[in-house]
$ cat structure-v7.cif   # mmCIF, C-alpha atoms
data_run
loop_
_atom_site.group_PDB
_atom_site.id
_atom_site.type_symbol
_atom_site.label_atom_id
_atom_site.label_comp_id
_atom_site.auth_asym_id
_atom_site.auth_seq_id
_atom_site.Cartn_x
_atom_site.Cartn_y
_atom_site.Cartn_z
ATOM 1 C CA MET A 1 -3.912 -4.852 5.597
ATOM 2 C CA LYS A 2 -7.615 -5.444 6.174
ATOM 3 C CA ALA A 3 -7.820 -2.325 8.306
ATOM 4 C CA VAL A 4 -6.217 -0.213 5.570
ATOM 5 C CA ILE A 5 -8.709 -1.406 2.943
ATOM 6 C CA LEU A 6 -11.648 -0.975 5.282
ATOM 7 C CA LEU A 7 -10.552 2.500 6.377
ATOM 8 C CA GLY A 8 -9.965 3.531 2.772
ATOM 9 C CA LEU A 9 -13.459 2.536 1.736
ATOM 10 C CA VAL A 10 -15.005 4.169 4.776
ATOM 11 C CA ALA A 11 -13.045 7.352 3.990
ATOM 12 C CA ILE A 12 -14.417 7.309 0.444
ATOM 13 C CA ALA A 13 -17.924 6.936 1.795
ATOM 14 C CA ILE A 14 -17.429 9.748 4.312
ATOM 15 C CA ALA A 15 -16.022 12.085 1.642
ATOM 16 C CA ALA A 16 -19.054 11.544 -0.579
ATOM 17 C CA PRO A 17 -21.558 14.428 -0.525
ATOM 18 C CA GLN A 18 -24.499 12.141 0.242
ATOM 19 C CA GLN A 19 -25.583 10.709 3.573
ATOM 20 C CA VAL A 20 -24.287 7.128 3.770
ATOM 21 C CA GLU A 21 -25.556 4.594 6.259
ATOM 22 C CA VAL A 22 -24.094 1.263 7.297
ATOM 23 C CA LEU A 23 -26.567 -1.429 6.255
ATOM 24 C CA LYS A 24 -24.494 -4.425 7.293
ATOM 25 C CA SER A 25 -21.384 -4.822 9.403
ATOM 26 C CA GLU A 26 -20.244 -8.272 10.475
ATOM 27 C CA GLN A 27 -16.916 -9.584 11.655
ATOM 28 C CA GLU A 28 -15.459 -12.749 13.083
ATOM 29 C CA VAL A 29 -11.984 -13.036 14.499
ATOM 30 C CA VAL A 30 -10.533 -16.303 15.684
ATOM 31 C CA ALA A 31 -7.237 -14.821 16.755
ATOM 32 C CA PRO A 32 -4.685 -15.271 15.538
ATOM 33 C CA GLU A 33 -5.555 -18.013 13.046
ATOM 34 C CA ARG A 34 -8.339 -16.498 10.934
ATOM 35 C CA PHE A 35 -10.714 -13.581 10.406
ATOM 36 C CA SER A 36 -13.571 -12.471 8.203
ATOM 37 C CA TYR A 37 -15.640 -9.339 7.832
ATOM 38 C CA GLU A 38 -18.334 -7.887 5.639
ATOM 39 C CA LEU A 39 -19.528 -4.308 5.253
ATOM 40 C CA GLU A 40 -22.360 -2.906 3.161
ATOM 41 C CA LEU A 41 -23.229 0.790 2.850
ATOM 42 C CA SER A 42 -26.360 2.501 1.570
ATOM 43 C CA ASP A 43 -24.441 3.958 -1.418
ATOM 44 C CA GLN A 44 -23.975 0.406 -2.797
ATOM 45 C CA THR A 45 -20.414 0.094 -1.509
ATOM 46 C CA LYS A 46 -19.668 -3.453 -0.363
ATOM 47 C CA VAL A 47 -16.578 -5.012 1.193
ATOM 48 C CA LYS A 48 -15.972 -8.656 2.078
ATOM 49 C CA GLN A 49 -12.699 -10.219 3.181
ATOM 50 C CA SER A 50 -11.456 -13.334 4.926
ATOM 51 C CA GLY A 51 -8.046 -14.639 5.769
ATOM 52 C CA GLN A 52 -6.178 -17.264 7.648
ATOM 53 C CA ILE A 53 -2.662 -18.204 8.616
ATOM 54 C CA VAL A 54 -1.668 -21.046 6.327
ATOM 55 C CA ASN A 55 1.170 -22.321 8.508
ATOM 56 C CA PRO A 56 -0.035 -21.824 12.112
ATOM 57 C CA GLN A 57 2.352 -24.525 13.357
ATOM 58 C CA GLU A 58 5.333 -22.230 12.575
ATOM 59 C CA PRO A 59 6.821 -21.288 15.978
ATOM 60 C CA ASP A 60 8.323 -18.016 14.696
ATOM 61 C CA GLN A 61 5.402 -15.600 14.302
ATOM 62 C CA GLU A 62 7.400 -13.534 11.796
ATOM 63 C CA GLN A 63 7.535 -16.562 9.472
ATOM 64 C CA ARG A 64 3.785 -17.292 9.494
ATOM 65 C CA ASN A 65 2.012 -16.635 6.194
ATOM 66 C CA LEU A 66 -1.391 -15.009 5.922
ATOM 67 C CA ALA A 67 -3.602 -15.872 2.935
ATOM 68 C CA VAL A 68 -6.409 -13.398 2.243
ATOM 69 C CA GLU A 69 -9.231 -13.327 -0.271
ATOM 70 C CA GLY A 70 -11.914 -10.771 -0.723
ATOM 71 C CA GLU A 71 -13.759 -8.322 -2.861
ATOM 72 C CA TYR A 72 -15.086 -4.807 -2.800
ATOM 73 C CA SER A 73 -17.451 -2.956 -5.071
ATOM 74 C CA PHE A 74 -18.884 0.509 -5.559
ATOM 75 C CA VAL A 75 -20.613 2.679 -8.126
ATOM 76 C CA SER A 76 -18.253 5.167 -9.774
ATOM 77 C CA LYS A 77 -19.071 8.867 -10.324
ATOM 78 C CA GLU A 78 -19.835 7.901 -13.915
ATOM 79 C CA GLY A 79 -22.439 5.413 -12.712
ATOM 80 C CA GLU A 80 -20.409 2.327 -13.565
ATOM 81 C CA ARG A 81 -20.361 -0.659 -11.232
ATOM 82 C CA VAL A 82 -16.765 -1.389 -10.215
ATOM 83 C CA ARG A 83 -15.900 -4.668 -8.498
ATOM 84 C CA VAL A 84 -12.474 -5.887 -7.457
ATOM 85 C CA THR A 85 -11.864 -9.467 -6.346
ATOM 86 C CA TYR A 86 -8.467 -10.447 -5.006
ATOM 87 C CA THR A 87 -6.252 -12.907 -3.253
ATOM 88 C CA ALA A 88 -3.117 -12.020 -1.356
ATOM 89 C CA ASP A 89 -0.560 -14.362 0.140
ATOM 90 C CA ASN A 90 3.176 -14.903 0.309
ATOM 91 C CA THR A 91 3.252 -14.960 -3.517
ATOM 92 C CA GLY A 92 1.720 -11.488 -3.840
ATOM 93 C CA TYR A 93 -1.483 -9.542 -4.412
ATOM 94 C CA LYS A 94 -3.635 -10.767 -7.311
ATOM 95 C CA PRO A 95 -6.604 -8.525 -8.131
ATOM 96 C CA GLN A 96 -9.188 -8.893 -10.843
ATOM 97 C CA VAL A 97 -11.040 -5.698 -11.775
ATOM 98 C CA TYR A 98 -14.518 -5.713 -13.300
ATOM 99 C CA ILE A 99 -16.396 -2.703 -14.655
ATOM 100 C CA ASN A 100 -20.062 -3.374 -15.337
ATOM 101 C CA ASP A 101 -19.266 -7.105 -14.940
ATOM 102 C CA VAL A 102 -16.624 -7.050 -17.710
ATOM 103 C CA LEU A 103 -13.180 -8.272 -16.606
ATOM 104 C CA GLN A 104 -10.626 -5.512 -17.232
ATOM 105 C CA ASN A 105 -7.421 -7.401 -16.428
ATOM 106 C CA PRO A 106 -7.572 -11.105 -17.405
ATOM 107 C CA PRO A 107 -5.226 -13.363 -15.399
ATOM 108 C CA GLN A 108 -1.889 -14.063 -17.051
#
$ encode --input "structure-v7.cif" --output "structure tokens"
Amino acid sequence: MKAVILLGLVAIAIAAPQQVEVLKSEQEVVAPERFSYELELSDQTKVKQSGQIVNPQEPDQEQRNLAVEGEYSFVSKEGERVRVTYTADNTGYKPQVYINDVLQNPPQ
């Protein structure tokens, strides 16, 4: 999942007509229990995510649950600052979307 998000944002940056540079790229993997990474590009795109297995004692790897939290942000073509924060676990994906720091989808 983290690779899909990261690749999607990198693809957006590559498709942009401007030259984009990586300003920050950090990652930590303590396999298989937890991970974190952070990416910042010169076009103001930022990505940060961390996750961990919440039941590492489970002997069946298929039954282990990963809990992830993170955020990404970018400036839209219209010049608006878009930021998405989220959590994802065995209960689902829960995003909160902000445009110019105004929450667009209040939690229910």
$ resolve_selection --input "structure-v7.cif" --expression "the PyMOL selection byres ((chain A and resi 30-46) around 9)" --output "PDB file with C-alpha atoms, keeping the file's coordinate frame"
ATOM      1  CA  LEU A   6     -11.648  -0.975   5.282  1.00  0.00           C
ATOM      2  CA  LEU A   9     -13.459   2.536   1.736  1.00  0.00           C
ATOM      3  CA  ALA A  13     -17.924   6.936   1.795  1.00  0.00           C
ATOM      4  CA  GLN A  18     -24.499  12.141   0.242  1.00  0.00           C
ATOM      5  CA  GLN A  19     -25.583  10.709   3.573  1.00  0.00           C
ATOM      6  CA  VAL A  20     -24.287   7.128   3.770  1.00  0.00           C
ATOM      7  CA  GLU A  21     -25.556   4.594   6.259  1.00  0.00           C
ATOM      8  CA  VAL A  22     -24.094   1.263   7.297  1.00  0.00           C
ATOM      9  CA  LEU A  23     -26.567  -1.429   6.255  1.00  0.00           C
ATOM     10  CA  LYS A  24     -24.494  -4.425   7.293  1.00  0.00           C
ATOM     11  CA  SER A  25     -21.384  -4.822   9.403  1.00  0.00           C
ATOM     12  CA  GLU A  26     -20.244  -8.272  10.475  1.00  0.00           C
ATOM     13  CA  GLN A  27     -16.916  -9.584  11.655  1.00  0.00           C
ATOM     14  CA  GLU A  28     -15.459 -12.749  13.083  1.00  0.00           C
ATOM     15  CA  VAL A  29     -11.984 -13.036  14.499  1.00  0.00           C
ATOM     16  CA  VAL A  47     -16.578  -5.012   1.193  1.00  0.00           C
ATOM     17  CA  LYS A  48     -15.972  -8.656   2.078  1.00  0.00           C
ATOM     18  CA  GLN A  49     -12.699 -10.219   3.181  1.00  0.00           C
ATOM     19  CA  SER A  50     -11.456 -13.334   4.926  1.00  0.00           C
ATOM     20  CA  GLY A  51      -8.046 -14.639   5.769  1.00  0.00           C
ATOM     21  CA  GLN A  52      -6.178 -17.264   7.648  1.00  0.00           C
ATOM     22  CA  ILE A  53      -2.662 -18.204   8.616  1.00  0.00           C
ATOM     23  CA  VAL A  54      -1.668 -21.046   6.327  1.00  0.00           C
ATOM     24  CA  PRO A  56      -0.035 -21.824  12.112  1.00  0.00           C
ATOM     25  CA  LEU A  66      -1.391 -15.009   5.922  1.00  0.00           C
ATOM     26  CA  GLU A  71     -13.759  -8.322  -2.861  1.00  0.00           C
ATOM     27  CA  TYR A  72     -15.086  -4.807  -2.800  1.00  0.00           C
ATOM     28  CA  SER A  73     -17.451  -2.956  -5.071  1.00  0.00           C
ATOM     29  CA  PHE A  74     -18.884   0.509  -5.559  1.00  0.00           C
ATOM     30  CA  VAL A  75     -20.613   2.679  -8.126  1.00  0.00           C
TER      31      VAL A  75
END
$ atom_distance --input "structure-v7.cif" --atom1 "atom CA of Val82 of chain A" --atom2 "atom CA of Val97 of chain A"
7.3 Å
$ atom_distance --input "structure-v7.cif" --atom1 "atom CA of Arg64 of chain A" --atom2 "atom CA of Val84 of chain A"
26.1 Å
$ atom_distance --input "structure-v7.cif" --atom1 "atom CA of Thr85 of chain A" --atom2 "atom CA of Glu69 of chain A"
7.7 Å
$ axis_aligned_box --input "structure-v7.cif" --around "segment 66-75 of chain A" --padding-each-side "8 Å" --output "AutoDock Vina command-line options"
--center_x -11.0 --center_y -6.6 --center_z -1.1 --size_x 35.2 --size_y 34.6 --size_z 30.0
$ resolve_selection --input "structure-v7.cif" --expression "the PyMOL selection byres ((chain A and resi 94) around 12)" --output "tab-separated table (two decimals) with C-alpha atoms, in the coordinates of the input"
chain	number	residue	atom	x	y	z
A	67	ALA	CA	-3.60	-15.87	2.94
A	68	VAL	CA	-6.41	-13.40	2.24
A	69	GLU	CA	-9.23	-13.33	-0.27
A	70	GLY	CA	-11.91	-10.77	-0.72
A	71	GLU	CA	-13.76	-8.32	-2.86
A	84	VAL	CA	-12.47	-5.89	-7.46
A	85	THR	CA	-11.86	-9.47	-6.35
A	86	TYR	CA	-8.47	-10.45	-5.01
A	87	THR	CA	-6.25	-12.91	-3.25
A	88	ALA	CA	-3.12	-12.02	-1.36
A	89	ASP	CA	-0.56	-14.36	0.14
A	90	ASN	CA	3.18	-14.90	0.31
A	91	THR	CA	3.25	-14.96	-3.52
A	92	GLY	CA	1.72	-11.49	-3.84
A	93	TYR	CA	-1.48	-9.54	-4.41
A	95	PRO	CA	-6.60	-8.52	-8.13
A	96	GLN	CA	-9.19	-8.89	-10.84
A	97	VAL	CA	-11.04	-5.70	-11.78
A	105	ASN	CA	-7.42	-7.40	-16.43
A	106	PRO	CA	-7.57	-11.10	-17.40
A	107	PRO	CA	-5.23	-13.36	-15.40
A	108	GLN	CA	-1.89	-14.06	-17.05
